[in-house]
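The file start-v2.cif contains mmCIF, C-alpha atoms:
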```cif
data_start
#
loop_
_atom_site.group_PDB
_atom_site.id
_atom_site.type_symbol
_atom_site.label_atom_id
_atom_site.label_comp_id
_atom_site.auth_asym_id
_atom_site.auth_seq_id
_atom_site.Cartn_x
_atom_site.Cartn_y
_atom_site.Cartn_z
ATOM 1 C CA MET A 906 0.312 -39.513 16.451
ATOM 2 C CA LEU A 907 3.559 -40.197 18.284
ATOM 3 C CA GLY A 908 2.603 -37.621 20.939
ATOM 4 C CA ARG A 909 -0.756 -39.308 21.480
ATOM 5 C CA LEU A 910 0.932 -42.715 21.777
ATOM 6 C CA ARG A 911 3.410 -41.284 24.305
ATOM 7 C CA ALA A 912 0.583 -39.703 26.307
ATOM 8 C CA CYS A 913 -1.403 -42.941 26.312
ATOM 9 C CA SER A 914 1.682 -44.937 27.380
ATOM 10 C CA VAL A 915 2.381 -42.579 30.267
ATOM 11 C CA LEU A 916 -1.291 -42.672 31.263
ATOM 12 C CA ALA A 917 -1.366 -46.478 31.125
ATOM 13 C CA LEU A 918 1.715 -46.666 33.346
ATOM 14 C CA ALA A 919 0.201 -44.214 35.812
ATOM 15 C CA ALA A 920 -3.072 -46.144 35.860
ATOM 16 C CA TRP A 921 -1.202 -49.406 36.492
ATOM 17 C CA LEU A 922 0.767 -47.834 39.355
ATOM 18 C CA ALA A 923 -2.398 -46.349 40.858
ATOM 19 C CA GLY A 924 -4.476 -49.492 40.241
ATOM 20 C CA SER A 925 -4.240 -50.726 43.793
ATOM 21 C CA ALA A 926 -5.976 -47.589 45.013
ATOM 22 C CA ALA A 927 -8.948 -48.306 42.651
ATOM 23 C CA ALA A 928 -9.086 -44.668 41.602
ATOM 24 C CA ALA A 929 -9.443 -43.114 38.169
ATOM 25 C CA THR A 930 -6.515 -41.275 36.616
ATOM 26 C CA VAL A 931 -6.879 -38.527 34.040
ATOM 27 C CA GLY A 932 -4.373 -37.943 31.270
ATOM 28 C CA ILE A 933 -4.232 -34.485 29.727
ATOM 29 C CA ASP A 934 -2.305 -33.850 26.527
ATOM 30 C CA VAL A 935 -1.968 -30.063 26.295
ATOM 31 C CA GLY A 936 -0.662 -29.055 22.909
ATOM 32 C CA THR A 937 -0.219 -25.697 21.255
ATOM 33 C CA GLU A 938 -3.368 -26.039 19.146
ATOM 34 C CA TRP A 939 -5.374 -28.849 20.781
ATOM 35 C CA MET A 940 -5.994 -30.422 24.158
ATOM 36 C CA ARG A 941 -7.043 -34.047 24.650
ATOM 37 C CA VAL A 942 -8.286 -35.652 27.846
ATOM 38 C CA ALA A 943 -8.387 -39.378 28.625
ATOM 39 C CA LEU A 944 -9.659 -41.307 31.629
ATOM 40 C CA ALA A 945 -8.160 -44.560 32.916
ATOM 41 C CA LYS A 946 -10.037 -46.605 35.495
ATOM 42 C CA PRO A 947 -9.032 -49.970 36.917
ATOM 43 C CA GLY A 948 -10.703 -52.734 34.939
ATOM 44 C CA ARG A 949 -11.738 -50.476 32.046
ATOM 45 C CA ALA A 950 -10.160 -49.568 28.760
ATOM 46 C CA LEU A 951 -8.706 -46.096 28.295
ATOM 47 C CA ASP A 952 -11.559 -43.690 27.432
ATOM 48 C CA MET A 953 -11.207 -40.393 25.614
ATOM 49 C CA VAL A 954 -13.278 -37.735 27.373
ATOM 50 C CA LEU A 955 -15.596 -35.917 25.011
ATOM 51 C CA ASN A 956 -15.865 -32.143 25.126
ATOM 52 C CA ARG A 957 -19.152 -30.228 25.127
ATOM 53 C CA ASP A 958 -19.263 -30.465 21.317
ATOM 54 C CA ALA A 959 -18.935 -34.282 21.543
ATOM 55 C CA GLY A 960 -15.410 -34.081 20.141
ATOM 56 C CA ARG A 961 -12.301 -35.941 21.258
ATOM 57 C CA GLN A 962 -10.091 -32.867 21.106
ATOM 58 C CA THR A 963 -10.660 -29.329 22.306
ATOM 59 C CA ALA A 964 -9.079 -26.219 20.841
ATOM 60 C CA ALA A 965 -6.368 -24.947 23.199
ATOM 61 C CA ALA A 966 -7.987 -21.540 23.525
ATOM 62 C CA VAL A 967 -9.244 -19.387 26.384
ATOM 63 C CA ALA A 968 -11.264 -16.184 26.075
ATOM 64 C CA ILE A 969 -11.794 -13.903 29.055
ATOM 65 C CA SER A 970 -14.538 -11.299 29.128
ATOM 66 C CA GLY A 971 -15.035 -9.698 32.524
ATOM 67 C CA LEU A 972 -15.466 -12.581 34.955
ATOM 68 C CA GLU A 973 -16.561 -15.046 32.258
ATOM 69 C CA ARG A 974 -14.134 -17.546 30.739
ATOM 70 C CA THR A 975 -14.872 -19.565 27.618
ATOM 71 C CA PHE A 976 -12.850 -22.421 26.190
ATOM 72 C CA GLY A 977 -12.314 -24.391 23.026
ATOM 73 C CA THR A 978 -14.294 -23.573 19.905
ATOM 74 C CA ASP A 979 -16.363 -20.997 21.804
ATOM 75 C CA ALA A 980 -13.161 -19.104 22.646
ATOM 76 C CA VAL A 981 -11.959 -19.349 19.030
ATOM 77 C CA ALA A 982 -15.295 -17.927 17.854
ATOM 78 C CA LEU A 983 -14.955 -15.005 20.296
ATOM 79 C CA ALA A 984 -11.484 -14.259 18.925
ATOM 80 C CA ALA A 985 -13.073 -12.629 15.869
ATOM 81 C CA ARG A 986 -14.966 -10.121 18.035
ATOM 82 C CA MET A 987 -12.518 -9.721 20.921
ATOM 83 C CA PRO A 988 -9.044 -10.583 19.589
ATOM 84 C CA GLU A 989 -7.164 -9.116 22.562
ATOM 85 C CA ALA A 990 -9.204 -11.144 25.048
ATOM 86 C CA ALA A 991 -8.894 -14.520 23.270
ATOM 87 C CA PHE A 992 -5.720 -16.504 23.857
ATOM 88 C CA VAL A 993 -5.012 -19.227 21.324
ATOM 89 C CA GLY A 994 -1.947 -21.457 21.369
ATOM 90 C CA VAL A 995 -0.319 -19.979 24.452
ATOM 91 C CA GLY A 996 0.852 -23.399 25.660
ATOM 92 C CA GLY A 997 3.938 -23.002 23.471
ATOM 93 C CA LEU A 998 4.916 -19.988 25.574
ATOM 94 C CA LEU A 999 4.915 -21.877 28.863
ATOM 95 C CA GLY A 1000 8.325 -21.271 30.422
ATOM 96 C CA ALA A 1001 9.406 -18.932 27.612
ATOM 97 C CA ALA A 1002 11.091 -15.633 28.387
ATOM 98 C CA TYR A 1003 9.564 -12.412 27.081
ATOM 99 C CA ASP A 1004 12.674 -11.858 24.935
ATOM 100 C CA SER A 1005 12.624 -15.382 23.448
ATOM 101 C CA GLU A 1006 12.093 -16.184 19.782
ATOM 102 C CA GLU A 1007 8.849 -18.023 20.644
ATOM 103 C CA ALA A 1008 7.434 -14.885 22.257
ATOM 104 C CA ALA A 1009 8.546 -12.703 19.337
ATOM 105 C CA GLU A 1010 6.853 -15.066 16.856
ATOM 106 C CA PHE A 1011 3.654 -15.036 18.942
ATOM 107 C CA ARG A 1012 3.656 -11.219 18.939
ATOM 108 C CA ARG A 1013 3.914 -11.252 15.130
ATOM 109 C CA GLN A 1014 1.004 -13.678 14.745
ATOM 110 C CA TYR A 1015 -1.512 -12.620 17.395
ATOM 111 C CA PRO A 1016 -3.003 -9.257 18.435
ATOM 112 C CA ASN A 1017 -2.820 -9.922 22.191
ATOM 113 C CA ARG A 1018 -1.039 -7.220 24.180
ATOM 114 C CA MET A 1019 1.962 -9.164 25.430
ATOM 115 C CA GLN A 1020 4.055 -7.742 28.242
ATOM 116 C CA ARG A 1021 6.965 -8.846 30.368
ATOM 117 C CA GLY A 1022 5.791 -10.756 33.427
ATOM 118 C CA SER A 1023 7.163 -10.133 36.896
ATOM 119 C CA ASP A 1024 9.355 -13.232 36.493
ATOM 120 C CA GLY A 1025 10.680 -12.175 33.063
ATOM 121 C CA GLY A 1026 8.283 -14.539 31.335
ATOM 122 C CA VAL A 1027 5.291 -13.803 29.160
ATOM 123 C CA ALA A 1028 2.106 -12.158 30.413
ATOM 124 C CA PHE A 1029 -0.773 -10.451 28.629
ATOM 125 C CA ALA A 1030 -2.473 -7.169 29.422
ATOM 126 C CA LEU A 1031 -6.175 -7.679 29.955
ATOM 127 C CA GLY A 1032 -7.982 -4.500 30.890
ATOM 128 C CA ASP A 1033 -6.259 -3.051 33.940
ATOM 129 C CA THR A 1034 -4.649 -6.350 34.955
ATOM 130 C CA ALA A 1035 -2.283 -8.918 33.507
ATOM 131 C CA VAL A 1036 -2.647 -12.657 33.098
ATOM 132 C CA SER A 1037 0.377 -14.939 32.776
ATOM 133 C CA VAL A 1038 0.802 -17.895 30.442
ATOM 134 C CA THR A 1039 0.913 -20.140 33.509
ATOM 135 C CA GLU A 1040 -2.492 -18.847 34.605
ATOM 136 C CA LEU A 1041 -3.959 -19.388 31.124
ATOM 137 C CA VAL A 1042 -2.692 -22.979 30.985
ATOM 138 C CA ALA A 1043 -4.031 -23.549 34.524
ATOM 139 C CA MET A 1044 -7.439 -22.372 33.290
ATOM 140 C CA GLN A 1045 -7.251 -24.955 30.489
ATOM 141 C CA LEU A 1046 -6.388 -27.684 33.010
ATOM 142 C CA GLN A 1047 -9.342 -26.654 35.190
ATOM 143 C CA HIS A 1048 -11.532 -26.857 32.089
ATOM 144 C CA ALA A 1049 -10.231 -30.390 31.434
ATOM 145 C CA ARG A 1050 -11.126 -31.335 35.008
ATOM 146 C CA ASP A 1051 -14.622 -29.911 34.492
ATOM 147 C CA LEU A 1052 -15.056 -31.912 31.270
ATOM 148 C CA VAL A 1053 -14.248 -35.140 33.123
ATOM 149 C CA ARG A 1054 -16.695 -34.281 35.888
ATOM 150 C CA GLU A 1055 -19.470 -33.379 33.409
ATOM 151 C CA SER A 1056 -19.102 -36.235 30.951
ATOM 152 C CA GLU A 1057 -17.922 -39.074 33.180
ATOM 153 C CA GLY A 1058 -19.230 -38.054 36.602
ATOM 154 C CA GLU A 1059 -15.739 -38.540 38.039
ATOM 155 C CA ALA A 1060 -13.962 -36.253 40.461
ATOM 156 C CA VAL A 1061 -10.363 -35.796 39.342
ATOM 157 C CA ARG A 1062 -7.798 -36.748 41.977
ATOM 158 C CA ASP A 1063 -4.745 -37.711 39.927
ATOM 159 C CA ALA A 1064 -3.583 -36.468 36.549
ATOM 160 C CA VAL A 1065 -0.766 -37.147 34.130
ATOM 161 C CA LEU A 1066 0.249 -34.262 31.870
ATOM 162 C CA ALA A 1067 1.845 -34.712 28.476
#
```
Would you encode the structure as structure tokens?
Amino acid sequence: MLGRLRACSVLALAAWLAGSAAAATVGIDVGTEWMRVALAKPGRALDMVLNRDAGRQTAAAVAISGLERTFGTDAVALAARMPEAAFVGVGGLLGAAYDSEEAAEFRRQYPNRMQRGSDGGVAFALGDTAVSVTELVAMQLQHARDLVRESEGEAVRDAVLA
């Protein structure tokens, strides 16, 4: 609850600062388990952006199969069939070193094939390539942008991350 209040406060401040430009600002709260997206427009109350399941929060999960990416509950559902290709809760590994306690705990809990990234951080083997935690979180942020475009018809120009 405190995290949501903090995210809304930061978003409100950003919307107030950007108010003179009359543009919408998106707030994205990326957690380890869930992601929430809000939209602030001048003259309107803060709106939570609904996901494709009409929910206010989306599971922080990405599944990659070939060139297809799935997100949220669809990615969690695919984790049962393709556990090495579904990445759940990787946001907690953002900025973590491969040798960190966070990475060791993740390796104990999840079947993904973790490997040391070129920068010493965490990456995951996926077929004959590797995908970094940064890339997975970027995919989640792109998904958030797509949700805003689909549900609100707004192009995302500015965002506040929490």
Distance of CA of Val995 (chain A) from CA of Phe1011 (chain A), expressed in Å to one decimal place:
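Value for the CA of Phe1011 (chain A)-CA of Val995 (chain A) distance: 8.4 Å.
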Centre, x/y/z edge lengths, axis-aligned box for region 998-1009 of chain A with 8 Å per side, as AutoDock Vina command-line options:
```
--center_x 8.8 --center_y -16.9 --center_z 24.9 --size_x 23.8 --size_y 26.0 --size_z 27.1
```
Convert the output of the PyMOL selection byres ((chain A and resi 998-1005) around 6) on the shown file into explicit residues, formatted as a PyMOL selection string.
chain A and resi 995-997+1006-1008+1021+1025-1027+1038
How would the residues just picked look written out with C-alpha atoms as a short mmCIF file (atom, residue, chain, number, x, y, z; two decimals), keeping the file's coordinate frame?
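Resulting contents of again-v5.cif:
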```
data_model
loop_
_atom_site.label_atom_id
_atom_site.label_comp_id
_atom_site.auth_asym_id
_atom_site.auth_seq_id
_atom_site.Cartn_x
_atom_site.Cartn_y
_atom_site.Cartn_z
CA VAL A 995 -0.32 -19.98 24.45
CA GLY A 996 0.85 -23.40 25.66
CA GLY A 997 3.94 -23.00 23.47
CA GLU A 1006 12.09 -16.18 19.78
CA GLU A 1007 8.85 -18.02 20.64
CA ALA A 1008 7.43 -14.88 22.26
CA ARG A 1021 6.96 -8.85 30.37
CA GLY A 1025 10.68 -12.18 33.06
CA GLY A 1026 8.28 -14.54 31.34
CA VAL A 1027 5.29 -13.80 29.16
CA VAL A 1038 0.80 -17.90 30.44
#
```
Near Gln962 (chain A), counting all atoms listed in the file, which residues have an atom at most 7 Å away, once you skip same-chain residues fewer than 2 positions from it, shown as a PyMOL selection string?
chain A and resi 939-941+960+964
Any chance you could work out the residue set of the PyMOL selection byres ((chain A and resi 971) around 10) here, as a list of chain:residue names?
A:Ala968, A:Ile969, A:Ser970, A:Leu972, A:Glu973, A:Arg974, A:Ala990, A:Leu1031, A:Gly1032
Computed interatomic separation between CA of Ala1035 (chain A) and CA of Arg957 (chain A) (Å):
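Between CA of Ala1035 (chain A) and CA of Arg957 (chain A) the gap works out to 28.4 Å.
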As a check of understanding, name the residues that the PyMOL selection byres ((chain A and resi 929) around 8) selects in the supplied structure, as a VMD selection string.
chain A and resid 920 927 to 928 930 to 931 944 to 947 1059 1061 to 1063
Taking C-alpha atoms for each residue, export the selection above as a CSV table (one decimal), keeping the file's coordinate frame.
```csv
chain,number,residue,atom,x,y,z
A,920,ALA,CA,-3.1,-46.1,35.9
A,927,ALA,CA,-8.9,-48.3,42.7
A,928,ALA,CA,-9.1,-44.7,41.6
A,930,THR,CA,-6.5,-41.3,36.6
A,931,VAL,CA,-6.9,-38.5,34.0
A,944,LEU,CA,-9.7,-41.3,31.6
A,945,ALA,CA,-8.2,-44.6,32.9
A,946,LYS,CA,-10.0,-46.6,35.5
A,947,PRO,CA,-9.0,-50.0,36.9
A,1059,GLU,CA,-15.7,-38.5,38.0
A,1061,VAL,CA,-10.4,-35.8,39.3
A,1062,ARG,CA,-7.8,-36.7,42.0
A,1063,ASP,CA,-4.7,-37.7,39.9
```
For Glu938 (chain A), which residue out of A:Val1042, A:Val1053, A:Ala965, A:Met1019 is the nearest one, using all atoms listed in the file?
A:Ala965
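If you look at CA of Ala966 (chain A) and CA of Ala1064 (chain A), they are 20.3 Å away from each other.
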Residue list as JSON, numbers by chain for point (-5.3, -39.1, 29.6), cut-off 6 Å, all atoms listed in the file:
{"A": [916, 931, 932, 933, 942, 943, 944]}
